[in-house]
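File shown: final_27.txt (compact mmCIF, N, CA and C atoms).
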```txt
# COMPACT_ATOMS: atom_id res chain seq x y z
N MET G 1 60.20 2.94 60.34
CA MET G 1 61.34 3.82 60.24
C MET G 1 62.43 3.14 59.40
N GLY G 2 62.92 3.85 58.40
CA GLY G 2 63.96 3.31 57.53
C GLY G 2 65.32 3.35 58.20
N SER G 3 66.26 2.67 57.57
CA SER G 3 67.62 2.70 58.10
C SER G 3 68.57 3.19 57.02
N TYR G 4 69.72 3.68 57.47
CA TYR G 4 70.74 4.16 56.54
C TYR G 4 72.11 3.78 57.05
N GLU G 5 73.05 3.77 56.13
CA GLU G 5 74.46 3.57 56.45
C GLU G 5 75.24 4.67 55.74
N LEU G 6 76.30 5.12 56.38
CA LEU G 6 77.19 6.09 55.77
C LEU G 6 78.33 5.34 55.08
N SER G 7 78.62 5.69 53.84
CA SER G 7 79.80 5.15 53.18
C SER G 7 81.02 5.72 53.92
N PRO G 8 82.18 5.12 53.77
CA PRO G 8 83.38 5.70 54.40
C PRO G 8 83.61 7.15 53.96
N GLU G 9 83.32 7.45 52.69
CA GLU G 9 83.49 8.82 52.20
C GLU G 9 82.51 9.78 52.85
N ALA G 10 81.26 9.36 53.00
CA ALA G 10 80.26 10.22 53.65
C ALA G 10 80.60 10.43 55.12
N ASP G 11 81.09 9.39 55.77
CA ASP G 11 81.51 9.52 57.17
C ASP G 11 82.64 10.53 57.27
N ASN G 12 83.59 10.46 56.35
CA ASN G 12 84.69 11.42 56.32
C ASN G 12 84.18 12.83 56.05
N ASP G 13 83.24 12.96 55.10
CA ASP G 13 82.64 14.27 54.82
C ASP G 13 82.00 14.84 56.07
N LEU G 14 81.24 14.02 56.78
CA LEU G 14 80.56 14.46 57.99
C LEU G 14 81.56 14.93 59.05
N ASN G 15 82.64 14.20 59.20
CA ASN G 15 83.67 14.60 60.17
C ASN G 15 84.32 15.92 59.78
N LYS G 16 84.58 16.11 58.49
CA LYS G 16 85.17 17.38 58.03
C LYS G 16 84.22 18.55 58.25
N ILE G 17 82.94 18.31 58.01
CA ILE G 17 81.94 19.36 58.24
C ILE G 17 81.92 19.73 59.72
N TRP G 18 81.98 18.73 60.59
CA TRP G 18 81.99 19.01 62.03
C TRP G 18 83.24 19.81 62.42
N LEU G 19 84.40 19.41 61.92
CA LEU G 19 85.64 20.12 62.24
C LEU G 19 85.60 21.56 61.75
N PHE G 20 85.07 21.77 60.55
CA PHE G 20 84.91 23.12 60.02
C PHE G 20 84.02 23.94 60.95
N GLY G 21 82.90 23.36 61.35
CA GLY G 21 81.98 24.04 62.26
C GLY G 21 82.62 24.35 63.60
N LEU G 22 83.40 23.42 64.09
CA LEU G 22 84.10 23.62 65.36
C LEU G 22 85.04 24.82 65.28
N GLU G 23 85.84 24.86 64.22
CA GLU G 23 86.81 25.95 64.06
C GLU G 23 86.13 27.29 63.83
N ARG G 24 85.03 27.29 63.12
CA ARG G 24 84.38 28.54 62.74
C ARG G 24 83.35 29.03 63.75
N PHE G 25 82.60 28.08 64.36
CA PHE G 25 81.45 28.48 65.17
C PHE G 25 81.46 27.95 66.60
N GLY G 26 82.37 27.04 66.92
CA GLY G 26 82.44 26.48 68.26
C GLY G 26 81.73 25.14 68.36
N VAL G 27 81.96 24.47 69.48
CA VAL G 27 81.49 23.10 69.65
C VAL G 27 79.97 22.98 69.68
N VAL G 28 79.29 23.93 70.29
CA VAL G 28 77.83 23.83 70.40
C VAL G 28 77.19 23.87 69.01
N GLN G 29 77.60 24.83 68.18
CA GLN G 29 77.04 24.93 66.84
C GLN G 29 77.48 23.77 65.95
N ALA G 30 78.73 23.33 66.10
CA ALA G 30 79.22 22.19 65.31
C ALA G 30 78.40 20.94 65.63
N ASP G 31 78.17 20.70 66.91
CA ASP G 31 77.36 19.55 67.32
C ASP G 31 75.94 19.67 66.82
N LYS G 32 75.36 20.86 66.93
CA LYS G 32 73.97 21.08 66.50
C LYS G 32 73.82 20.76 65.01
N PHE G 33 74.72 21.29 64.18
CA PHE G 33 74.62 21.05 62.75
C PHE G 33 74.88 19.59 62.40
N TYR G 34 75.83 18.97 63.10
CA TYR G 34 76.14 17.54 62.90
C TYR G 34 74.88 16.70 63.11
N PHE G 35 74.19 16.94 64.22
CA PHE G 35 72.99 16.16 64.52
C PHE G 35 71.83 16.50 63.58
N GLU G 36 71.78 17.74 63.10
CA GLU G 36 70.77 18.09 62.10
C GLU G 36 71.02 17.34 60.79
N LEU G 37 72.29 17.21 60.40
CA LEU G 37 72.61 16.43 59.21
C LEU G 37 72.23 14.96 59.39
N LEU G 38 72.50 14.41 60.56
CA LEU G 38 72.11 13.02 60.83
C LEU G 38 70.60 12.86 60.79
N ALA G 39 69.87 13.85 61.30
CA ALA G 39 68.40 13.81 61.24
C ALA G 39 67.93 13.85 59.78
N GLN G 40 68.61 14.61 58.95
CA GLN G 40 68.26 14.64 57.52
C GLN G 40 68.53 13.29 56.88
N CYS G 41 69.62 12.63 57.27
CA CYS G 41 69.90 11.28 56.77
C CYS G 41 68.78 10.32 57.16
N GLN G 42 68.27 10.46 58.37
CA GLN G 42 67.17 9.60 58.79
C GLN G 42 65.91 9.90 57.99
N LEU G 43 65.65 11.18 57.73
CA LEU G 43 64.49 11.55 56.91
C LEU G 43 64.62 10.95 55.51
N ILE G 44 65.82 10.96 54.95
CA ILE G 44 66.06 10.35 53.65
C ILE G 44 65.73 8.86 53.72
N ALA G 45 66.21 8.19 54.77
CA ALA G 45 65.97 6.76 54.93
C ALA G 45 64.48 6.46 55.06
N ASP G 46 63.75 7.35 55.71
CA ASP G 46 62.31 7.14 55.91
C ASP G 46 61.51 7.35 54.63
N THR G 47 61.95 8.28 53.78
CA THR G 47 61.22 8.61 52.55
C THR G 47 62.22 8.81 51.40
N PRO G 48 62.92 7.78 51.00
CA PRO G 48 64.01 7.96 50.03
C PRO G 48 63.58 8.43 48.65
N ARG G 49 62.37 8.15 48.25
CA ARG G 49 61.94 8.56 46.90
C ARG G 49 61.36 9.96 46.87
N GLN G 50 61.37 10.62 48.01
CA GLN G 50 60.89 12.00 48.09
C GLN G 50 61.83 12.95 47.36
N TYR G 51 63.07 12.56 47.20
CA TYR G 51 64.08 13.43 46.63
C TYR G 51 64.41 13.02 45.20
N PRO G 52 64.84 13.98 44.37
CA PRO G 52 65.02 13.69 42.95
C PRO G 52 66.23 12.81 42.64
N ALA G 53 66.08 12.04 41.58
CA ALA G 53 67.20 11.27 41.04
C ALA G 53 68.15 12.26 40.36
N VAL G 54 69.42 11.93 40.40
CA VAL G 54 70.44 12.77 39.75
C VAL G 54 71.31 11.88 38.86
N ASP G 55 70.64 11.15 37.98
CA ASP G 55 71.35 10.24 37.10
C ASP G 55 72.36 10.95 36.21
N GLU G 56 72.14 12.26 35.97
CA GLU G 56 73.10 13.02 35.17
C GLU G 56 74.43 13.20 35.89
N ILE G 57 74.41 13.07 37.21
CA ILE G 57 75.65 13.15 38.00
C ILE G 57 76.22 11.76 38.20
N ARG G 58 75.38 10.84 38.67
CA ARG G 58 75.79 9.44 38.82
C ARG G 58 74.53 8.58 38.78
N ALA G 59 74.53 7.59 37.92
CA ALA G 59 73.36 6.71 37.75
C ALA G 59 73.00 6.03 39.06
N GLY G 60 71.69 6.08 39.38
CA GLY G 60 71.19 5.42 40.57
C GLY G 60 71.24 6.26 41.83
N TYR G 61 71.78 7.47 41.74
CA TYR G 61 71.88 8.34 42.92
C TYR G 61 70.70 9.29 42.99
N ARG G 62 70.39 9.70 44.20
CA ARG G 62 69.42 10.76 44.46
C ARG G 62 70.11 11.81 45.32
N ARG G 63 69.50 13.00 45.37
CA ARG G 63 70.10 14.08 46.16
C ARG G 63 69.06 14.78 47.00
N SER G 64 69.41 14.96 48.26
CA SER G 64 68.63 15.77 49.18
C SER G 64 69.48 16.99 49.52
N VAL G 65 68.88 18.17 49.41
CA VAL G 65 69.59 19.40 49.76
C VAL G 65 69.18 19.79 51.17
N PHE G 66 70.20 20.02 52.00
CA PHE G 66 69.97 20.47 53.37
C PHE G 66 70.84 21.69 53.60
N ARG G 67 70.19 22.85 53.71
CA ARG G 67 70.88 24.14 53.78
C ARG G 67 71.80 24.26 52.58
N LYS G 68 73.11 24.40 52.80
CA LYS G 68 74.05 24.53 51.69
C LYS G 68 74.69 23.21 51.30
N HIS G 69 74.22 22.13 51.87
CA HIS G 69 74.82 20.82 51.62
C HIS G 69 73.92 19.93 50.77
N SER G 70 74.55 19.16 49.93
CA SER G 70 73.86 18.14 49.13
C SER G 70 74.24 16.78 49.67
N ILE G 71 73.23 15.98 49.96
CA ILE G 71 73.46 14.62 50.44
C ILE G 71 73.11 13.68 49.30
N PHE G 72 74.11 12.98 48.81
CA PHE G 72 73.93 12.03 47.71
C PHE G 72 73.80 10.63 48.30
N TYR G 73 72.82 9.90 47.80
CA TYR G 73 72.55 8.56 48.35
C TYR G 73 71.98 7.66 47.28
N ARG G 74 71.95 6.38 47.60
CA ARG G 74 71.31 5.41 46.72
C ARG G 74 70.54 4.42 47.58
N GLU G 75 69.47 3.92 47.01
CA GLU G 75 68.66 2.93 47.70
C GLU G 75 69.27 1.55 47.53
N LYS G 76 69.34 0.83 48.61
CA LYS G 76 69.80 -0.55 48.60
C LYS G 76 68.64 -1.39 49.12
N THR G 77 68.79 -2.69 49.10
CA THR G 77 67.75 -3.55 49.61
C THR G 77 67.68 -3.41 51.14
N GLY G 78 66.60 -2.81 51.63
CA GLY G 78 66.37 -2.70 53.06
C GLY G 78 66.99 -1.50 53.75
N PHE G 79 67.74 -0.66 53.03
CA PHE G 79 68.33 0.52 53.65
C PHE G 79 68.76 1.51 52.57
N VAL G 80 69.17 2.68 53.01
CA VAL G 80 69.70 3.71 52.13
C VAL G 80 71.18 3.87 52.46
N GLU G 81 71.99 3.97 51.43
CA GLU G 81 73.42 4.20 51.63
C GLU G 81 73.71 5.66 51.28
N ILE G 82 74.14 6.40 52.29
CA ILE G 82 74.55 7.79 52.10
C ILE G 82 75.97 7.75 51.52
N MET G 83 76.11 8.27 50.30
CA MET G 83 77.39 8.14 49.61
C MET G 83 78.33 9.30 49.88
N ARG G 84 77.81 10.54 49.79
CA ARG G 84 78.64 11.73 50.01
C ARG G 84 77.77 12.83 50.59
N ILE G 85 78.42 13.74 51.32
CA ILE G 85 77.76 14.93 51.84
C ILE G 85 78.64 16.11 51.42
N TYR G 86 78.14 16.89 50.47
CA TYR G 86 78.92 17.99 49.90
C TYR G 86 78.36 19.33 50.31
N GLY G 87 79.26 20.27 50.52
CA GLY G 87 78.89 21.66 50.72
C GLY G 87 79.08 22.39 49.41
N GLN G 88 80.17 23.07 49.27
CA GLN G 88 80.48 23.83 48.05
C GLN G 88 81.33 23.02 47.07
N GLN G 89 81.59 21.75 47.37
CA GLN G 89 82.44 20.94 46.51
C GLN G 89 81.78 20.67 45.16
N ASP G 90 82.57 20.27 44.22
CA ASP G 90 82.12 19.96 42.87
C ASP G 90 81.46 18.59 42.81
N PRO G 91 80.16 18.51 42.49
CA PRO G 91 79.49 17.20 42.45
C PRO G 91 80.01 16.29 41.35
N GLU G 92 80.79 16.81 40.42
CA GLU G 92 81.39 15.97 39.38
C GLU G 92 82.35 14.94 39.98
N ASN G 93 82.82 15.20 41.20
CA ASN G 93 83.80 14.33 41.85
C ASN G 93 83.17 13.27 42.74
N ILE G 94 81.88 13.03 42.58
CA ILE G 94 81.20 12.05 43.43
C ILE G 94 81.60 10.65 43.00
```

Render the structure in this file as structure tokens.
Amino acid sequence: MGSYELSPEADNDLNKIWLFGLERFGVVQADKFYFELLAQCQLIADTPRQYPAVDEIRAGYRRSVFRKHSIFYREKTGFVEIMRIYGQQDPENI
């Protein structure tokens, strides 16, 4: 099983996604989606090369799409670093 770390920005993105879900759908749905995103991060860590490189956005990054969210990450020695988790945001700002 691979390991991953969230960058401070990705951690902030995840918290914002949870707060949005809380306000819009309630705590049960916010928690459910939060843990589904974390499960996707684990899947990325387990099979990081399964997802395409997006060097046109940022060199060395890959992207996994989960529902309406894009998870941008890069491989490091021994783990995957989750850099950002975007919904409808502009990927040019990664």

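Between atom C of G:Gly78 and atom C of G:Trp18 the separation is 28.2 Å.
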
(request) Would you list the contacts of G:Tyr34 as a ChimeraX atom specification, taking every protein, DNA or RNA residue within 10 Å and counting only C-alpha atoms, but skipping same-chain residues closer than 2 positions in sequence? (result) /G:14-15,17-19,21,28-32,36-40

Please produce a file of those selected residues containing N, CA and C atoms, as a compact mmCIF listing (two decimals), in the frame of the given file.
```txt
# COMPACT_ATOMS: atom_id res chain seq x y z
N LEU G 14 81.24 14.02 56.78
CA LEU G 14 80.56 14.46 57.99
C LEU G 14 81.56 14.93 59.05
N ASN G 15 82.64 14.20 59.20
CA ASN G 15 83.67 14.60 60.17
C ASN G 15 84.32 15.92 59.78
N ILE G 17 82.94 18.31 58.01
CA ILE G 17 81.94 19.36 58.24
C ILE G 17 81.92 19.73 59.72
N TRP G 18 81.98 18.73 60.59
CA TRP G 18 81.99 19.01 62.03
C TRP G 18 83.24 19.81 62.42
N LEU G 19 84.40 19.41 61.92
CA LEU G 19 85.64 20.12 62.24
C LEU G 19 85.60 21.56 61.75
N GLY G 21 82.90 23.36 61.35
CA GLY G 21 81.98 24.04 62.26
C GLY G 21 82.62 24.35 63.60
N VAL G 28 79.29 23.93 70.29
CA VAL G 28 77.83 23.83 70.40
C VAL G 28 77.19 23.87 69.01
N GLN G 29 77.60 24.83 68.18
CA GLN G 29 77.04 24.93 66.84
C GLN G 29 77.48 23.77 65.95
N ALA G 30 78.73 23.33 66.10
CA ALA G 30 79.22 22.19 65.31
C ALA G 30 78.40 20.94 65.63
N ASP G 31 78.17 20.70 66.91
CA ASP G 31 77.36 19.55 67.32
C ASP G 31 75.94 19.67 66.82
N LYS G 32 75.36 20.86 66.93
CA LYS G 32 73.97 21.08 66.50
C LYS G 32 73.82 20.76 65.01
N GLU G 36 71.78 17.74 63.10
CA GLU G 36 70.77 18.09 62.10
C GLU G 36 71.02 17.34 60.79
N LEU G 37 72.29 17.21 60.40
CA LEU G 37 72.61 16.43 59.21
C LEU G 37 72.23 14.96 59.39
N LEU G 38 72.50 14.41 60.56
CA LEU G 38 72.11 13.02 60.83
C LEU G 38 70.60 12.86 60.79
N ALA G 39 69.87 13.85 61.30
CA ALA G 39 68.40 13.81 61.24
C ALA G 39 67.93 13.85 59.78
N GLN G 40 68.61 14.61 58.95
CA GLN G 40 68.26 14.64 57.52
C GLN G 40 68.53 13.29 56.88
```

(message) Please return, as a list in words, all residues of chain G that DSSP assigns to strand (DSSP E) on the basis of the backbone.
(response) Tyr4, Glu5, Leu6, Arg62, Arg63, Ser64, Val65, Phe66, His69, Ser70, Ile71, Phe72, Tyr73, Arg74, Glu75, Lys76, Phe79, Val80, Glu81, Ile82, Met83, Arg84, Ile85 and Tyr86 of chain G

Sphere at (75.8, 16.2, 50.6), radius 7 Å, counting all atoms listed in the file: residues as a compact mmCIF listing (two decimals) with N, CA and C atoms, in the frame of the given file:
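What ended up in out_29.txt:
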```txt
# COMPACT_ATOMS: atom_id res chain seq x y z
N SER G 64 69.41 14.96 48.26
CA SER G 64 68.63 15.77 49.18
C SER G 64 69.48 16.99 49.52
N PHE G 66 70.20 20.02 52.00
CA PHE G 66 69.97 20.47 53.37
C PHE G 66 70.84 21.69 53.60
N HIS G 69 74.22 22.13 51.87
CA HIS G 69 74.82 20.82 51.62
C HIS G 69 73.92 19.93 50.77
N SER G 70 74.55 19.16 49.93
CA SER G 70 73.86 18.14 49.13
C SER G 70 74.24 16.78 49.67
N ILE G 71 73.23 15.98 49.96
CA ILE G 71 73.46 14.62 50.44
C ILE G 71 73.11 13.68 49.30
N PHE G 72 74.11 12.98 48.81
CA PHE G 72 73.93 12.03 47.71
C PHE G 72 73.80 10.63 48.30
N ARG G 84 77.81 10.54 49.79
CA ARG G 84 78.64 11.73 50.01
C ARG G 84 77.77 12.83 50.59
N ILE G 85 78.42 13.74 51.32
CA ILE G 85 77.76 14.93 51.84
C ILE G 85 78.64 16.11 51.42
N TYR G 86 78.14 16.89 50.47
CA TYR G 86 78.92 17.99 49.90
C TYR G 86 78.36 19.33 50.31
N GLY G 87 79.26 20.27 50.52
CA GLY G 87 78.89 21.66 50.72
C GLY G 87 79.08 22.39 49.41
```

(message) Give me, as a PyMOL selection string, all polymer residues having an atom no more than 8 Å from G:Thr47, counting only N, CA and C atoms and skipping those fewer than 6 positions away in the same chain.
(response) chain G and resi 1-2+41

(request) Looking only at helix (DSSP H, G or I) from DSSP on the backbone, list the matching residues of chain G as number ranges by chain. (result) G: 8-25, 27-46, 48-50, 91-93

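A straight line drawn from atom N of G:Val54 to atom C of G:Phe20 is 27.9 Å long.
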
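Put simply, atom N of G:Arg24 is 24.4 Å away from atom N of G:Ser7.
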